[in-house]
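> If you scroll down you'll find the structure; I have some questions about it.
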Amino acid sequence: MWKNDLPKPPVGSFENCARCQKQFTVTKYTLAANPPPGYLCHPCAKSSGSDPFKKPAPPKKRKPAGDKRTVASYEERRLPSLASVCIQVISNHIDDVEALGDIGSMNLDEIAKALAKNRSLNTENAPLFYSVENEHLTLYDVTNLAPPALCTMAALNPRLTNLRLDYCGQMDDTVMSNWAASLRDLKRVELLGPFLVRAPAWQAFFRAHPNLEGFLITQSPRFDIDCMRVLIDSCSKLRELRLKEIGKMSDELIAEIKSFSGKLTYLDLSYPGTANAVSESALIDLLAHVGLSLQHLDLSGHANVTDGVLFRGVKPHVRNLKSLVLSNCTDLTDAGVAEFFSTWQGSPLTKLDMSRNHELAGAALEATLKHSGEDLVELDINGWKDVSEEALKRIPKTAHHLQKLDLGFCRSVDNFLVKEIFECCPDVQETKVWGCQKIDEHCPRKRGANVIGIESTTIY
């Protein structure tokens, strides 16, 4: 409606201009006078600052919230190698392949990884990876393999000495009993998710494999202290032990591990069923017995891993470590970790993961780099939100052999730091920068090195 609720004159009628009083023909572009009443001819409307023929500007398209913060989590390879193309073709048509032939263990492993991405491994195509000559077998997702298929795997690979199965949730007592009889040469077993295996089956498996050198399991709620005792009595040659995410972890179970004094080189007791399942004194006592021979130690997720464990457990008893993982141990302090690395006489580390310890900052990082910087290959300080820019700049100046680096949620990380890392660390392959708000789409890139976690609108 027009001013004063009067209807607009019909198009083609004649009106007198409210300003110049000249008669004009009403069109759809005719504008009402301001102030009213009356209407303006086209010249007077244009001279007043309103162009009746001007097209309205199109409304701006607002980007959806999801498009504003696209996370670039990978670096696309525009020219894939011939081998990678072949592997992709094989994985896409795995059900039509009759035999993989002699393609080499590395390519076979790549195919297994490709199948795990979409869980394509099943009872029909799994035998493609089997051979009576196999001594090592790694399958990254056996979710679709039922107990009979897992028993068949043992029958078709009788010479296995090293076996790794991820996501083996269907494994049960019948499988373990079958392996106890079929895989007599097994020396190392690594399992992720054997939920259904009960304590008697574990014990029978240990008794059937006295030469077991590596036992690494994750997420086995039925593994208890009795299983631990049988493992100790039956497998005296054990060198690697992983009991990760074990629901029945306790001081008593930890105490049994002391029997491996001087033998263990790899120990992973991370993320017990409850964070307070193991006391500080029990951890210190364990390290006093087994620490001398350890090369890898993982105590992540223990609420009672404090500065005291570092000073009374690791410092006096653990001198030969190459890899230390203390992620999500929230009672560690910046000053305590800094003093530990400043006074610890242990050998330099090649891998250090102290992520998700929000109290750690610049002092801890500088002491760590002074102790192990020249030997570090992997460094994870994700979540060190208060670490200073000056301390971060010491990473490229000291750790020249870094290959993997996680700087996620370190607030002072910016494009210039990433540039220095690429210039000073020629071997770097992966740098994670999740939650680093100062990094944008102009972050430097380097051929062969992935920058993961850039928040930008472009995926490289």
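As shown in the structure tokens, the chain order sets the letters A, B, ...; within each chain, residues go from 1, and ligands are also counted from 1 in the order they appear.
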Need to verify the contact set: Pro210 (chain A), 9 Å, only C-alpha atoms, exclusion of same-chain residues closer than 3 positions in sequence. Can you return it as a list in words?
Lys187, Phe206, Arg207, Glu213, Leu231, Asp233, Ser234, Cys235, Ser236 and Lys237 of chain A
> Which is closer to Leu349 (chain A) than all the others in A:Gly336, A:Gly373, A:Gly193, A:Pro127, using only C-alpha atoms?
A:Gly373
> Can you measure CA of Ile246 (chain A) to CA of Ala114 (chain A) for me? One decimal in Å is fine.
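CA of Ala114 (chain A) lies 29.0 Å from CA of Ile246 (chain A).
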> Among region 155-263 of chain A, which residues does DSSP mark as helix (DSSP H, G or I) when it is run on the backbone? Keep the chain and numbering as in the structure and answer as a PyMOL selection string.
chain A and resi 155-156+173-182+199-208+225-234+251-260
> Go ahead and dump the residues you just picked, C-alpha atoms, as a PDB file, in the first residue's frame.

ATOM      1  CA  ALA A 155      44.555 -73.868  10.396  1.00  0.00           C
ATOM      2  CA  LEU A 156      45.692 -72.097   7.207  1.00  0.00           C
ATOM      3  CA  ASP A 173      36.860 -69.357  24.241  1.00  0.00           C
ATOM      4  CA  THR A 174      36.572 -71.782  21.326  1.00  0.00           C
ATOM      5  CA  VAL A 175      38.986 -69.665  19.292  1.00  0.00           C
ATOM      6  CA  MET A 176      41.549 -69.524  22.076  1.00  0.00           C
ATOM      7  CA  SER A 177      41.280 -73.284  22.609  1.00  0.00           C
ATOM      8  CA  ASN A 178      41.802 -73.838  18.885  1.00  0.00           C
ATOM      9  CA  TRP A 179      44.827 -71.538  18.818  1.00  0.00           C
ATOM     10  CA  ALA A 180      46.307 -73.330  21.809  1.00  0.00           C
ATOM     11  CA  ALA A 181      46.396 -76.503  19.712  1.00  0.00           C
ATOM     12  CA  SER A 182      47.037 -75.076  16.220  1.00  0.00           C
ATOM     13  CA  ALA A 199      39.819 -66.377  32.284  1.00  0.00           C
ATOM     14  CA  PRO A 200      40.101 -70.207  31.858  1.00  0.00           C
ATOM     15  CA  ALA A 201      40.650 -69.804  28.114  1.00  0.00           C
ATOM     16  CA  TRP A 202      43.437 -67.267  28.669  1.00  0.00           C
ATOM     17  CA  GLN A 203      45.086 -69.586  31.164  1.00  0.00           C
ATOM     18  CA  ALA A 204      44.942 -72.581  28.810  1.00  0.00           C
ATOM     19  CA  PHE A 205      46.448 -70.455  26.044  1.00  0.00           C
ATOM     20  CA  PHE A 206      49.369 -69.408  28.266  1.00  0.00           C
ATOM     21  CA  ARG A 207      50.094 -72.984  29.304  1.00  0.00           C
ATOM     22  CA  ALA A 208      50.187 -74.049  25.647  1.00  0.00           C
ATOM     23  CA  ILE A 225      44.855 -61.737  38.618  1.00  0.00           C
ATOM     24  CA  ASP A 226      44.621 -65.510  38.143  1.00  0.00           C
ATOM     25  CA  CYS A 227      45.360 -65.068  34.443  1.00  0.00           C
ATOM     26  CA  MET A 228      48.331 -62.921  35.376  1.00  0.00           C
ATOM     27  CA  ARG A 229      49.714 -65.607  37.678  1.00  0.00           C
ATOM     28  CA  VAL A 230      49.422 -68.314  35.019  1.00  0.00           C
ATOM     29  CA  LEU A 231      51.106 -66.002  32.505  1.00  0.00           C
ATOM     30  CA  ILE A 232      54.015 -65.536  34.902  1.00  0.00           C
ATOM     31  CA  ASP A 233      54.340 -69.235  35.680  1.00  0.00           C
ATOM     32  CA  SER A 234      54.029 -70.429  32.073  1.00  0.00           C
ATOM     33  CA  ASP A 251      47.454 -53.125  43.113  1.00  0.00           C
ATOM     34  CA  GLU A 252      47.423 -56.903  43.542  1.00  0.00           C
ATOM     35  CA  LEU A 253      47.584 -57.560  39.793  1.00  0.00           C
ATOM     36  CA  ILE A 254      50.366 -54.990  39.404  1.00  0.00           C
ATOM     37  CA  ALA A 255      52.349 -56.678  42.156  1.00  0.00           C
ATOM     38  CA  GLU A 256      52.425 -59.948  40.198  1.00  0.00           C
ATOM     39  CA  ILE A 257      54.233 -58.257  37.293  1.00  0.00           C
ATOM     40  CA  LYS A 258      57.258 -57.762  39.547  1.00  0.00           C
ATOM     41  CA  SER A 259      58.147 -61.382  38.798  1.00  0.00           C
ATOM     42  CA  PHE A 260      59.348 -60.254  35.352  1.00  0.00           C
TER      43      PHE A 260
END
> Excluding Lys351 (chain A) and residues on its chain fewer than 5 positions from it, collect all residues at most 10 Å away from it, counting only C-alpha atoms, and give them as a ChimeraX atom specification.
/A:296,321-325,372,375-380,402,404
> Keeping N, CA and C atoms for every residue in the selection just given, could you write it to a file as a compact mmCIF listing (two decimals), in the first residue's frame?

# COMPACT_ATOMS: atom_id res chain seq x y z
N HIS A 296 60.25 -49.17 26.79
CA HIS A 296 58.98 -48.48 26.52
C HIS A 296 58.11 -48.58 27.76
N LEU A 321 65.09 -46.05 28.99
CA LEU A 321 63.89 -45.81 28.19
C LEU A 321 64.21 -45.17 26.85
N LYS A 322 63.48 -45.60 25.84
CA LYS A 322 63.49 -44.95 24.53
C LYS A 322 62.14 -44.29 24.24
N SER A 323 61.09 -44.79 24.88
CA SER A 323 59.74 -44.29 24.64
C SER A 323 59.00 -44.15 25.96
N LEU A 324 58.46 -42.97 26.23
CA LEU A 324 57.73 -42.70 27.46
C LEU A 324 56.39 -42.07 27.11
N VAL A 325 55.30 -42.68 27.60
CA VAL A 325 53.96 -42.19 27.34
C VAL A 325 53.25 -41.98 28.68
N SER A 372 66.36 -34.53 25.73
CA SER A 372 66.16 -35.52 24.66
C SER A 372 65.96 -34.91 23.28
N ASP A 375 67.46 -36.33 20.00
CA ASP A 375 67.13 -37.72 19.64
C ASP A 375 65.64 -37.94 19.37
N LEU A 376 64.81 -36.95 19.68
CA LEU A 376 63.36 -37.13 19.55
C LEU A 376 62.95 -37.34 18.10
N VAL A 377 62.13 -38.38 17.90
CA VAL A 377 61.54 -38.65 16.60
C VAL A 377 60.04 -38.36 16.64
N GLU A 378 59.41 -38.60 17.78
CA GLU A 378 57.99 -38.32 17.96
C GLU A 378 57.79 -37.52 19.24
N LEU A 379 57.03 -36.44 19.15
CA LEU A 379 56.74 -35.59 20.30
C LEU A 379 55.28 -35.20 20.28
N ASP A 380 54.60 -35.43 21.40
CA ASP A 380 53.17 -35.11 21.51
C ASP A 380 52.95 -34.27 22.76
N LEU A 402 62.87 -34.82 14.24
CA LEU A 402 61.45 -35.09 14.41
C LEU A 402 60.81 -35.59 13.12
N LYS A 404 57.22 -36.98 13.69
CA LYS A 404 55.81 -36.75 14.02
C LYS A 404 55.73 -35.79 15.20
